[in-house]
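What follows is a set of notes on a single structure, which appears directly below.
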4 protein chains.
Amino acid sequence: MKFKFMKNTRIKKLKVGILGATGTVGQKFIVLLQNHPWFEITVLAASKESAGQTYEKAVSGRWKQEVDIPQSVRKMPVLECDPRQFNSHERIRIAGAKGGGAQFAYCDFVFSGLDASVAGEIEKAFAMAGYGVISNTKNYRTERDVPLIVPEVNPNHASIIPFQQKRRKWSGFIVTNPNCVVVPLVMAIKPVMDKFGISKIMVTSMQAISGAGYPGVPSLDILDNVIPMIGGEEPKVEWEPLKLLGDIKKDGFKLANIKISAQCNRVPTKDGHLLT
Amino acid sequence: MKFKFMKNTRIKKLKVGILGATGTVGQKFIVLLQNHPWFEITVLAASKESAGQTYEKAVSGRWKQEVDIPQSVRKMPVLECDPRQFNSHERIRIAGAKGGGAQFAYCDFVFSGLDASVAGEIEKAFAMAGYGVISNTKNYRTERDVPLIVPEVNPNHASIIPFQQKRRKWSGFIVTNPNCVVVPLVMAIKPVMDKFGISKIMVTSMQAISGAGYPGVPSLDILDNVIPMIGGEEPKVEWEPLKLLGDIKKDGFKLANIKISAQCNRVPTKDGHLLT
Amino acid sequence: MKFKFMKNTRIKKLKVGILGATGTVGQKFIVLLQNHPWFEITVLAASKESAGQTYEKAVSGRWKQEVDIPQSVRKMPVLECDPRQFNSHERIRIAGAKGGGAQFAYCDFVFSGLDASVAGEIEKAFAMAGYGVISNTKNYRTERDVPLIVPEVNPNHASIIPFQQKRRKWSGFIVTNPNCVVVPLVMAIKPVMDKFGISKIMVTSMQAISGAGYPGVPSLDILDNVIPMIGGEEPKVEWEPLKLLGDIKKDGFKLANIKISAQCNRVPTKDGHLLT
Amino acid sequence: MKFKFMKNTRIKKLKVGILGATGTVGQKFIVLLQNHPWFEITVLAASKESAGQTYEKAVSGRWKQEVDIPQSVRKMPVLECDPRQFNSHERIRIAGAKGGGAQFAYCDFVFSGLDASVAGEIEKAFAMAGYGVISNTKNYRTERDVPLIVPEVNPNHASIIPFQQKRRKWSGFIVTNPNCVVVPLVMAIKPVMDKFGISKIMVTSMQAISGAGYPGVPSLDILDNVIPMIGGEEPKVEWEPLKLLGDIKKDGFKLANIKISAQCNRVPTKDGHLLT
């Protein structure tokens with residue numbers, strides 16, 4: 001699979017599948033990919049409980065985005081997160097689904113918004129089956145042959161993929177993106193580091209409740225309050241930038257030589273993250 | 001059991017047990033009864049998971065009140081909600097509990113802050129065992145021989161108790177208090193009704209998140225929002241005042257002849273309820 | 001001036017001036033009219049303090065909308081709210097304004113988002129000078145010859161305009177829109193009233209802070225709180241529907257025969273109003 | 001004037017006057033001094049607009065504390081902030097004031113919660129007139145002969161007072177307390193500094209809206225938001241600890257040799273400040 005994107009050029013859109021499509025992250029993928037110039041959602045997959053329904057029915061009562069469910073996915077069938085159900089070129093019959101209640105399932109690659117408790121096995125299965133998996137989940141972030149990429153910062157880290165495929169005997173691959181706090185952090189750090197070098201970072205985050213998913217933070221905990229601890233967040237913020245800003249060696253990534261101290265706080269706002 | 005309260009008179013305090021002591025309602029009981037002139041908490045009971053620990057350990061990480069856990073209950077042992085464990089006059093040995101890790105369990109009556117899913121059986125067991133049960137839960141509110149009392153409004157409804165005891169063959173009894181919105185509502189209505197009569201009531205409530213318990217309302221639902229529906233709340237607000245403001249007959253309560261229409265809303269405040 | 005709007009038909013857009021363009025209401029007009037199929041903003045006017053600057057400079061630090069200042073108005077000059085400066089067909093020279101720092105001021109009619117303290121005189125001056133003034137302010141709402149219109153409810157009330165022009169000797173006219181709570185209220189009432197008749201209305205509102213303008217409600221008053229009173233709001237909600245739902249007579253409007261009781265509450269949400 | 005405080009010893013309470021008694025800081029003084037074992041409020045003073053009224057009338061509609069106005073100050077007269085009105089030993093006649101509408105004004109020293117715009121002149125006048133002025137305002141904090149004290153951290157800085165009195169020819173004196181963020185900051189830093197030394201501090205604050213006074217932060221700015229800048233706050237947080245942690249020399253204070261970088265944020269909570 002070879003991607004070549006050209007700005008301002010009409011291209012044939014890439015067909016995208018979404019794993020964990022009914023969750024908070026999956027919903028965000030759907031909203032962001034709506035009317036996207038490069039990508040077109042063609043397959044939605046979620047847990048067994050959701051599979052076999054139209055998307056709008058599967059997500060009913062759980063849609064938490066500011067905008068409505070895009071029209072283009074409402075009647076799409078939800079599959080199980082099993083690569084054998086993908087690219088089947090068979091018609092899937094689902095009551096109420098559009099196109100006479102049927103649709104072909106085909107995609108070029110998948111975005112994964114799966115919960116960490118199931119992402120490990122499922123993403124592996126898709127990579128083995130030949131899919132490129134772009135994962136929002138933490139499971140593979142720390143593997144030395146799996147790139148952790150912020151496109152503006154370390155696009156070159158994608159060059160580890162052949163090593164990953166060879167080592168794991170996968171025809172597909174997994175690429176991960178970092179924790180939400182890490183993205184703006186490394187984008188700010190990278191140019192400073194390139195120009196002046198950086199040895200120590202102290203970072204304080206104020207993070208919105210949306211980052212905790214749904215139902216997430218109980219309102220009794222956060223209304224009129226700031227919570228000065230987000231379980232498991234600080235280790236990610238202290239480690240992931242080291243990989244992102246590190247070097248590629250033959251046998252995997254080498255961490256950058258920076259010391260990071262992170263203080264992560266939850267604040268009573270719906271969306272957005274602030275770093276100081 | 002006969003209560004006789006005199007204002008400004010030194011009385012021997014009544015010993016109180018609390019059922020569901022670790023939950024949000026139970027915690028509220030404990031805070032409100034702290035330093036109370038009439039009552040003294042002597043027994044705490046909760047689910048099997050909490051039983052056998054000191055109260056401060058059982059409630060650890062779940063204490064949601066503005067004030068600290070009162071010193072007087074921190075080291076008290078938590079029993080199971082089983083009347084056979086009460087009034088045992090035996091010492092209960094619990095690691096870390098005060099008085100050498102032991103304490104007598106005795107109480108004159110119980111306040112119940114149990115979850116509705118278990119309150120039915122447990123409260124019945126205590127009433128059968130001879131306890132007066134003052135319940136904050138909805139299970140028995142609609143029974144025709146169980147009084148639903150707001151002391152300022154219908155204290156005379158307690159006179160149904162002998163009928164209840166005879167009918168159910170209980171040596172104890174159950175008294176319930178109404179939904180949180182109903183309390184201020186009937187207190188405002190009662191004097192108007194007595195003086196002028198009332199035939200129709202339209203009530204709109206704005207209710208804080210504390211009323212939903214913990215974890216209760218997800219913050220993503222309520223931050224910067226008003227939720228114009230609280231499941232199951234409106235029927236209670238439309239029915240309970242009819243019983244409270246109704247008459248006692250030989251064979252139970254007769255509902256007041258009033259039509260009530262209620263609109264219950266959740267608003268993003270921590271505490272307090274507003275009626276219009 | 002005669003307006004004829006046809007859906008889905010390309011029409012020459014009407015040129016619109018905005019009075020009070022830098023205030024919260026004026027900003028809302030600008031956001032809502034951006035890319036509007038019928039209207040095009042050609043003149044912006046505000047207080048003397050703002051006049052003589054580009055819009056983006058005049059509104060600097062006071063823009064309170066979720067979206068950015070539309071590109072199309074950023075460099076427009078801000079005039080004083082004086083009809084003699086309008087339709088001058090002279091070029092206005094303002095440092096930094098687009099078109100070589102100059103622009104013709106012309107509009108077909110004006111939307112007024114003026115503060116009530118100044119709207120009376122200014123709107124009158126524009127009506128006398130031949131402008132149609134569509135006002136969001138309360139000053140003329142109660143006048144018997146000035147229509148108070150919600151287009152979906154009482155478009156026919158515009159037929160009072162010739163009477164208004166004759167009585168006041170104006171070549172232009174004033175049309176007002178109602179209080180923000182009244183709009184959804186009458187839209188819900190009108191069809192019920194037409195079908196069944198309505199004699200009494202009890203309305204409770206929960207209103208967002210945006211309705212109070214800027215700086216508006218101090219955060220210490222509303223955070224974690226509901227304010228059960230909005231000064232001056234309830235009389236409007238109780239009176240304006242009577243005019244909107246009333247009849248036109250030769251000598252002005254006759255109020256509908258309905259009794260309305262309103263309870264207006266401020267709730268801690270940014271936008272939106274809820275009625276029950 | 002010599003203070004000697006002994007814990008757990010019955011002492012004659014010191015009589016306290018409050019300057020700026022009707023403002024947010026003044027209200028806080030009143031709440032905190034209620035039932036205080038050492039202090040007793042005997043004089044309240046505020047602006048000319050408030051003077052000549054009872055406190056409860058002067059503060060009417062502006063009382064912003066969680067608890068009610070203490071009974072003990074409700075009927076106290078409000079004086080002007082002029083030392084000639086203090087210690088007059090004359091009875092002040094105010095309609096509605098307690099004690100037959102009259103009261104002696106006497107205090108041993110004053111707490112000042114004055115606004116910075118007027119504090120400079122008024123506090124000076126009181127110091128000249130022989131009063132000890134304990135000020136919450138920033139005006140004199142940076143003076144080399146005025147101590148900036150957190151009692152747990154640098155009580156010895158009070159020894160500069162004789163130098164201040166001699167230099168300024170005051171029979172009274174001024175002592176200041178620091179910015180609200182600085183208090184917990186230096187309390188945490190001081191023991192670490194004494195034990196290990198400190199050369200650099202990076203501090204991020206999350207500050208509640210109460211710190212901005214009333215009306216303070218507009219709700220439209222802070223609801224569902226974090227404001228990453230508090231005007232004028234960061235310079236105080238970066239400078240005041242240097243004085244507090246510095247040394248006393250013959251001719252005034254010498255700043256500690258520490259570099260501080262502060263990031264101050266406003267968060268949507270009512271009370272409390274968080275440092276990271």
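Residues are referred to by chain and number: the chain letter is A, B, ... according to the order shown in the structure tokens, the number counts from 1 in that chain, and ligands are numbered separately from 1 in the order shown.
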
Distance-based interface of chain A with chain C, 12 Å, counting only C-alpha atoms, as a list in words: Ser219, Leu220, Ile222, Leu223, Asp224, Asn225, Pro268, Thr269 and Lys270 of chain A

Export, as a PDB file, in the first residue's frame, the selected residues with N, CA, C and O atoms.
ATOM      1  N   SER A 219     -19.816  14.131  37.334  1.00  0.00           N
ATOM      2  CA  SER A 219     -19.952  15.584  37.489  1.00  0.00           C
ATOM      3  C   SER A 219     -19.725  16.025  38.930  1.00  0.00           C
ATOM      4  O   SER A 219     -19.220  17.114  39.161  1.00  0.00           O
ATOM      5  N   LEU A 220     -20.071  15.176  39.910  1.00  0.00           N
ATOM      6  CA  LEU A 220     -19.845  15.562  41.308  1.00  0.00           C
ATOM      7  C   LEU A 220     -18.359  15.788  41.601  1.00  0.00           C
ATOM      8  O   LEU A 220     -17.998  16.513  42.513  1.00  0.00           O
ATOM      9  N   ILE A 222     -16.065  17.035  39.352  1.00  0.00           N
ATOM     10  CA  ILE A 222     -15.391  18.084  38.567  1.00  0.00           C
ATOM     11  C   ILE A 222     -16.135  19.413  38.547  1.00  0.00           C
ATOM     12  O   ILE A 222     -15.520  20.457  38.318  1.00  0.00           O
ATOM     13  N   LEU A 223     -17.444  19.433  38.793  1.00  0.00           N
ATOM     14  CA  LEU A 223     -18.156  20.716  38.776  1.00  0.00           C
ATOM     15  C   LEU A 223     -17.598  21.592  39.892  1.00  0.00           C
ATOM     16  O   LEU A 223     -17.503  21.146  41.039  1.00  0.00           O
ATOM     17  N   ASP A 224     -17.248  22.840  39.541  1.00  0.00           N
ATOM     18  CA  ASP A 224     -16.682  23.776  40.530  1.00  0.00           C
ATOM     19  C   ASP A 224     -15.405  23.211  41.170  1.00  0.00           C
ATOM     20  O   ASP A 224     -15.131  23.456  42.339  1.00  0.00           O
ATOM     21  N   ASN A 225     -14.625  22.463  40.409  1.00  0.00           N
ATOM     22  CA  ASN A 225     -13.424  21.844  40.962  1.00  0.00           C
ATOM     23  C   ASN A 225     -12.343  21.682  39.894  1.00  0.00           C
ATOM     24  O   ASN A 225     -12.617  21.742  38.699  1.00  0.00           O
ATOM     25  N   PRO A 268     -12.849  21.863  34.716  1.00  0.00           N
ATOM     26  CA  PRO A 268     -14.255  21.747  34.306  1.00  0.00           C
ATOM     27  C   PRO A 268     -14.578  22.486  33.012  1.00  0.00           C
ATOM     28  O   PRO A 268     -15.323  23.458  33.007  1.00  0.00           O
ATOM     29  N   THR A 269     -13.982  22.036  31.919  1.00  0.00           N
ATOM     30  CA  THR A 269     -14.345  22.549  30.598  1.00  0.00           C
ATOM     31  C   THR A 269     -14.630  21.344  29.715  1.00  0.00           C
ATOM     32  O   THR A 269     -14.140  20.247  29.969  1.00  0.00           O
ATOM     33  N   LYS A 270     -15.432  21.561  28.667  1.00  0.00           N
ATOM     34  CA  LYS A 270     -15.868  20.439  27.839  1.00  0.00           C
ATOM     35  C   LYS A 270     -14.783  19.954  26.895  1.00  0.00           C
ATOM     36  O   LYS A 270     -14.602  18.768  26.698  1.00  0.00           O
TER      37      LYS A 270
END

Quick one: residues within 9 Å of Gln263 in chain C, only C-alpha atoms, excluding same-chain residues fewer than 4 positions away - as a short mmCIF file (atom, residue, chain, number, x, y, z; two decimals) with all heavy atoms, in the first residue's frame?
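File written: result_4.cif
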data_model
loop_
_atom_site.label_atom_id
_atom_site.label_comp_id
_atom_site.auth_asym_id
_atom_site.auth_seq_id
_atom_site.Cartn_x
_atom_site.Cartn_y
_atom_site.Cartn_z
N THR B 276 -40.25 26.33 40.74
CA THR B 276 -40.98 27.52 40.31
C THR B 276 -42.41 27.11 39.97
O THR B 276 -42.66 25.96 39.66
CB THR B 276 -40.37 28.17 39.06
OG1 THR B 276 -40.49 27.27 37.98
CG2 THR B 276 -38.95 28.57 39.30
N MET C 202 -48.55 29.31 31.91
CA MET C 202 -47.53 29.42 32.95
C MET C 202 -46.22 29.01 32.33
O MET C 202 -46.09 27.88 31.86
CB MET C 202 -47.88 28.52 34.13
CG MET C 202 -49.19 28.94 34.76
SD MET C 202 -49.60 27.92 36.19
CE MET C 202 -48.35 28.46 37.33
N VAL C 203 -45.26 29.92 32.32
CA VAL C 203 -44.00 29.63 31.64
C VAL C 203 -42.82 29.82 32.60
O VAL C 203 -42.76 30.78 33.36
CB VAL C 203 -43.83 30.49 30.37
CG1 VAL C 203 -43.91 31.97 30.70
CG2 VAL C 203 -42.53 30.19 29.66
N THR C 204 -41.93 28.82 32.59
CA THR C 204 -40.69 28.91 33.35
C THR C 204 -39.54 28.87 32.36
O THR C 204 -39.51 27.98 31.51
CB THR C 204 -40.56 27.72 34.32
OG1 THR C 204 -41.67 27.72 35.20
CG2 THR C 204 -39.29 27.82 35.13
N SER C 205 -38.65 29.81 32.46
CA SER C 205 -37.51 29.80 31.54
C SER C 205 -36.21 29.53 32.29
O SER C 205 -36.07 29.88 33.46
CB SER C 205 -37.39 31.15 30.82
OG SER C 205 -36.97 32.14 31.73
N MET C 206 -35.29 28.85 31.59
CA MET C 206 -33.92 28.71 32.08
C MET C 206 -33.05 29.34 31.01
O MET C 206 -32.95 28.81 29.91
CB MET C 206 -33.59 27.24 32.28
CG MET C 206 -34.18 26.71 33.58
SD MET C 206 -34.30 24.92 33.63
CE MET C 206 -36.00 24.73 33.06
N PRO C 228 -32.80 32.89 40.43
CA PRO C 228 -34.23 32.75 40.13
C PRO C 228 -34.92 34.07 39.79
O PRO C 228 -36.09 34.22 40.06
CB PRO C 228 -34.78 32.15 41.43
CG PRO C 228 -33.87 32.67 42.49
CD PRO C 228 -32.53 32.89 41.86
N MET C 229 -34.21 34.99 39.20
CA MET C 229 -34.80 36.28 38.87
C MET C 229 -33.92 36.93 37.80
O MET C 229 -32.70 36.95 37.96
CB MET C 229 -34.76 37.17 40.12
CG MET C 229 -36.01 37.93 40.45
SD MET C 229 -36.53 39.14 39.22
CE MET C 229 -35.63 40.60 39.81
N ILE C 230 -34.54 37.43 36.74
CA ILE C 230 -33.81 38.21 35.76
C ILE C 230 -34.55 39.53 35.65
O ILE C 230 -35.69 39.58 35.17
CB ILE C 230 -33.75 37.49 34.40
CG1 ILE C 230 -33.09 36.12 34.57
CG2 ILE C 230 -33.03 38.33 33.37
CD1 ILE C 230 -33.01 35.30 33.29
N GLU C 233 -37.23 40.91 32.99
CA GLU C 233 -37.50 39.89 31.96
C GLU C 233 -38.94 39.38 32.03
O GLU C 233 -39.61 39.21 31.00
CB GLU C 233 -36.54 38.71 32.16
CG GLU C 233 -36.47 37.75 31.01
CD GLU C 233 -35.55 38.21 29.90
OE1 GLU C 233 -35.08 39.38 29.98
OE2 GLU C 233 -35.31 37.44 28.96
N GLU C 234 -39.41 39.14 33.24
CA GLU C 234 -40.73 38.53 33.37
C GLU C 234 -41.85 39.41 32.82
O GLU C 234 -42.74 38.90 32.12
CB GLU C 234 -40.97 38.14 34.84
CG GLU C 234 -40.04 36.98 35.23
CD GLU C 234 -39.97 36.69 36.71
OE1 GLU C 234 -40.63 37.41 37.49
OE2 GLU C 234 -39.26 35.75 37.09
N VAL C 237 -41.94 38.83 29.10
CA VAL C 237 -42.43 37.51 28.72
C VAL C 237 -43.94 37.42 28.96
O VAL C 237 -44.65 36.68 28.28
CB VAL C 237 -41.69 36.40 29.50
CG1 VAL C 237 -42.26 35.03 29.20
CG2 VAL C 237 -40.20 36.45 29.18
#

All residues 9 Å or closer to range 173-188 of chain D, only C-alpha atoms, same chain fewer than 5 positions away omitted, as a VMD selection string: chain D and resid 123 to 124 126 to 128 130 to 141 146 to 150 152 to 153 158 161 to 162 164 to 165 203 205 207 211 233 236 to 238 240 to 241 244 to 245 273 to 275

Alpha helix (DSSP H) residues, from DSSP on the backbone, in range 33-250 of chain D, as a PyMOL selection string: chain D and resi 33+55-58+71-74+98-101+116-128+161-168+182-196+219-222+233-244

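Each of D:Phe39, D:Ala125, D:Lys190, D:Gly17 was compared to Arg168 in chain D using only C-alpha atoms, and D:Ala125 turns out to be the nearest.
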
DSSP strand (DSSP E or B) selection over range 17-117 of chain B, as a ChimeraX atom specification: /B:17-19,39-46,54,77-80,91,104,109-112

How would the residues just picked look written out with N, CA, C and O atoms as a PDB file, in the first residue's frame?
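Output saved as result17.pdb:
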ATOM      1  N   GLY B  17     -29.097   3.660  64.119  1.00  0.00           N
ATOM      2  CA  GLY B  17     -28.323   2.886  63.163  1.00  0.00           C
ATOM      3  C   GLY B  17     -28.551   3.440  61.767  1.00  0.00           C
ATOM      4  O   GLY B  17     -29.614   3.979  61.477  1.00  0.00           O
ATOM      5  N   ILE B  18     -27.556   3.309  60.887  1.00  0.00           N
ATOM      6  CA  ILE B  18     -27.724   3.799  59.519  1.00  0.00           C
ATOM      7  C   ILE B  18     -27.511   2.659  58.543  1.00  0.00           C
ATOM      8  O   ILE B  18     -26.449   2.023  58.532  1.00  0.00           O
ATOM      9  N   LEU B  19     -28.531   2.399  57.732  1.00  0.00           N
ATOM     10  CA  LEU B  19     -28.438   1.369  56.697  1.00  0.00           C
ATOM     11  C   LEU B  19     -27.982   2.038  55.402  1.00  0.00           C
ATOM     12  O   LEU B  19     -28.538   3.060  55.007  1.00  0.00           O
ATOM     13  N   PHE B  39     -30.087  12.730  68.561  1.00  0.00           N
ATOM     14  CA  PHE B  39     -29.670  11.425  68.051  1.00  0.00           C
ATOM     15  C   PHE B  39     -28.163  11.207  68.180  1.00  0.00           C
ATOM     16  O   PHE B  39     -27.375  12.148  68.096  1.00  0.00           O
ATOM     17  N   GLU B  40     -27.818   9.938  68.295  1.00  0.00           N
ATOM     18  CA  GLU B  40     -26.409   9.556  68.396  1.00  0.00           C
ATOM     19  C   GLU B  40     -26.226   8.311  67.543  1.00  0.00           C
ATOM     20  O   GLU B  40     -26.940   7.314  67.724  1.00  0.00           O
ATOM     21  N   ILE B  41     -25.320   8.381  66.595  1.00  0.00           N
ATOM     22  CA  ILE B  41     -25.105   7.228  65.718  1.00  0.00           C
ATOM     23  C   ILE B  41     -24.337   6.158  66.477  1.00  0.00           C
ATOM     24  O   ILE B  41     -23.253   6.423  67.008  1.00  0.00           O
ATOM     25  N   THR B  42     -24.891   4.952  66.521  1.00  0.00           N
ATOM     26  CA  THR B  42     -24.192   3.871  67.241  1.00  0.00           C
ATOM     27  C   THR B  42     -23.892   2.668  66.354  1.00  0.00           C
ATOM     28  O   THR B  42     -23.036   1.860  66.687  1.00  0.00           O
ATOM     29  N   VAL B  43     -24.622   2.537  65.235  1.00  0.00           N
ATOM     30  CA  VAL B  43     -24.372   1.407  64.342  1.00  0.00           C
ATOM     31  C   VAL B  43     -24.354   1.880  62.898  1.00  0.00           C
ATOM     32  O   VAL B  43     -25.228   2.642  62.474  1.00  0.00           O
ATOM     33  N   LEU B  44     -23.371   1.403  62.131  1.00  0.00           N
ATOM     34  CA  LEU B  44     -23.309   1.684  60.703  1.00  0.00           C
ATOM     35  C   LEU B  44     -23.379   0.361  59.960  1.00  0.00           C
ATOM     36  O   LEU B  44     -22.698  -0.590  60.319  1.00  0.00           O
ATOM     37  N   ALA B  45     -24.193   0.307  58.914  1.00  0.00           N
ATOM     38  CA  ALA B  45     -24.288  -0.930  58.146  1.00  0.00           C
ATOM     39  C   ALA B  45     -24.288  -0.604  56.663  1.00  0.00           C
ATOM     40  O   ALA B  45     -24.798   0.423  56.234  1.00  0.00           O
ATOM     41  N   ALA B  46     -23.713  -1.526  55.889  1.00  0.00           N
ATOM     42  CA  ALA B  46     -23.651  -1.319  54.440  1.00  0.00           C
ATOM     43  C   ALA B  46     -23.586  -2.679  53.751  1.00  0.00           C
ATOM     44  O   ALA B  46     -23.925  -3.706  54.351  1.00  0.00           O
ATOM     45  N   THR B  54     -13.463  -0.671  59.129  1.00  0.00           N
ATOM     46  CA  THR B  54     -13.833   0.572  59.801  1.00  0.00           C
ATOM     47  C   THR B  54     -14.538   1.450  58.775  1.00  0.00           C
ATOM     48  O   THR B  54     -14.329   1.313  57.574  1.00  0.00           O
ATOM     49  N   PRO B  77     -17.048   0.233  63.327  1.00  0.00           N
ATOM     50  CA  PRO B  77     -17.084  -0.898  62.411  1.00  0.00           C
ATOM     51  C   PRO B  77     -18.320  -0.805  61.510  1.00  0.00           C
ATOM     52  O   PRO B  77     -19.340  -0.260  61.919  1.00  0.00           O
ATOM     53  N   VAL B  78     -18.202  -1.310  60.295  1.00  0.00           N
ATOM     54  CA  VAL B  78     -19.356  -1.378  59.400  1.00  0.00           C
ATOM     55  C   VAL B  78     -19.913  -2.798  59.435  1.00  0.00           C
ATOM     56  O   VAL B  78     -19.177  -3.757  59.188  1.00  0.00           O
ATOM     57  N   LEU B  79     -21.194  -2.929  59.790  1.00  0.00           N
ATOM     58  CA  LEU B  79     -21.856  -4.241  59.820  1.00  0.00           C
ATOM     59  C   LEU B  79     -22.551  -4.515  58.494  1.00  0.00           C
ATOM     60  O   LEU B  79     -22.696  -3.627  57.664  1.00  0.00           O
ATOM     61  N   GLU B  80     -23.016  -5.723  58.311  1.00  0.00           N
ATOM     62  CA  GLU B  80     -23.918  -6.015  57.195  1.00  0.00           C
ATOM     63  C   GLU B  80     -25.319  -5.511  57.549  1.00  0.00           C
ATOM     64  O   GLU B  80     -25.663  -5.355  58.719  1.00  0.00           O
ATOM     65  N   ARG B  91     -19.462  -8.023  71.387  1.00  0.00           N
ATOM     66  CA  ARG B  91     -18.448  -7.119  70.887  1.00  0.00           C
ATOM     67  C   ARG B  91     -18.042  -7.554  69.484  1.00  0.00           C
ATOM     68  O   ARG B  91     -17.877  -8.731  69.202  1.00  0.00           O
ATOM     69  N   PHE B 104     -19.919  -2.589  70.938  1.00  0.00           N
ATOM     70  CA  PHE B 104     -21.262  -3.144  70.996  1.00  0.00           C
ATOM     71  C   PHE B 104     -22.101  -2.520  69.900  1.00  0.00           C
ATOM     72  O   PHE B 104     -21.953  -1.345  69.585  1.00  0.00           O
ATOM     73  N   PHE B 109     -33.436   2.744  66.657  1.00  0.00           N
ATOM     74  CA  PHE B 109     -34.144   2.651  65.361  1.00  0.00           C
ATOM     75  C   PHE B 109     -33.126   2.910  64.259  1.00  0.00           C
ATOM     76  O   PHE B 109     -31.961   3.217  64.542  1.00  0.00           O
ATOM     77  N   VAL B 110     -33.534   2.776  62.998  1.00  0.00           N
ATOM     78  CA  VAL B 110     -32.585   2.967  61.898  1.00  0.00           C
ATOM     79  C   VAL B 110     -33.090   3.982  60.878  1.00  0.00           C
ATOM     80  O   VAL B 110     -34.291   4.095  60.628  1.00  0.00           O
ATOM     81  N   PHE B 111     -32.120   4.730  60.316  1.00  0.00           N
ATOM     82  CA  PHE B 111     -32.365   5.527  59.111  1.00  0.00           C
ATOM     83  C   PHE B 111     -31.860   4.698  57.931  1.00  0.00           C
ATOM     84  O   PHE B 111     -30.749   4.171  57.962  1.00  0.00           O
ATOM     85  N   SER B 112     -32.643   4.619  56.872  1.00  0.00           N
ATOM     86  CA  SER B 112     -32.211   3.836  55.716  1.00  0.00           C
ATOM     87  C   SER B 112     -31.929   4.727  54.512  1.00  0.00           C
ATOM     88  O   SER B 112     -32.793   5.449  54.027  1.00  0.00           O
TER      89      SER B 112
END

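Residues surrounding range 21-32 of chain A within 9 Å are Ile41, Leu44, Ala45, Ala46, Ser47, Ser50, Tyr55, Ala58, Val59, Arg62, Trp63, Lys64, Gln65, Val67, Asp68, Ile69, Pro70, Val73, Val78, Phe111, Ser112, Gly113, Leu114, Asp115, Asn136, Ser210, Gly213 and Tyr214 of chain A [only C-alpha atoms; sequence separation below 5 positions excluded].
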
Could you save those same residues with C-alpha atoms as an mmCIF file, in the first residue's frame?
data_model
loop_
_atom_site.group_PDB
_atom_site.id
_atom_site.type_symbol
_atom_site.label_atom_id
_atom_site.label_comp_id
_atom_site.auth_asym_id
_atom_site.auth_seq_id
_atom_site.Cartn_x
_atom_site.Cartn_y
_atom_site.Cartn_z
ATOM 1 C CA ILE A 41 -15.490 6.140 5.362
ATOM 2 C CA LEU A 44 -17.668 0.854 10.496
ATOM 3 C CA ALA A 45 -16.882 -1.774 13.110
ATOM 4 C CA ALA A 46 -17.531 -2.040 16.813
ATOM 5 C CA SER A 47 -18.229 -4.569 19.554
ATOM 6 C CA SER A 50 -23.322 -3.082 18.220
ATOM 7 C CA TYR A 55 -24.736 2.982 12.811
ATOM 8 C CA ALA A 58 -25.949 1.282 17.373
ATOM 9 C CA VAL A 59 -24.891 4.717 18.598
ATOM 10 C CA ARG A 62 -24.479 7.515 23.066
ATOM 11 C CA TRP A 63 -23.678 10.127 20.380
ATOM 12 C CA LYS A 64 -21.801 12.850 22.282
ATOM 13 C CA GLN A 65 -20.547 15.213 19.535
ATOM 14 C CA VAL A 67 -22.670 18.209 15.539
ATOM 15 C CA ASP A 68 -25.258 15.669 14.373
ATOM 16 C CA ILE A 69 -24.414 12.155 13.181
ATOM 17 C CA PRO A 70 -23.307 12.739 9.580
ATOM 18 C CA VAL A 73 -22.912 7.066 8.015
ATOM 19 C CA VAL A 78 -21.826 -1.892 11.862
ATOM 20 C CA PHE A 111 -8.342 4.049 11.994
ATOM 21 C CA SER A 112 -8.609 2.465 15.430
ATOM 22 C CA GLY A 113 -10.406 4.150 18.315
ATOM 23 C CA LEU A 114 -10.674 0.899 20.252
ATOM 24 C CA ASP A 115 -10.600 0.705 24.006
ATOM 25 C CA ASN A 136 -5.317 6.183 18.723
ATOM 26 C CA SER A 210 -13.906 15.118 26.847
ATOM 27 C CA GLY A 213 -14.494 9.569 27.259
ATOM 28 C CA TYR A 214 -18.055 8.752 28.262
#

CA of Lys249 in chain C to CA of Val192 in chain C, distance in Å rounded to a single decimal: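 Separation of CA of Lys249 in chain C and CA of Val192 in chain C: 23.1 Å.
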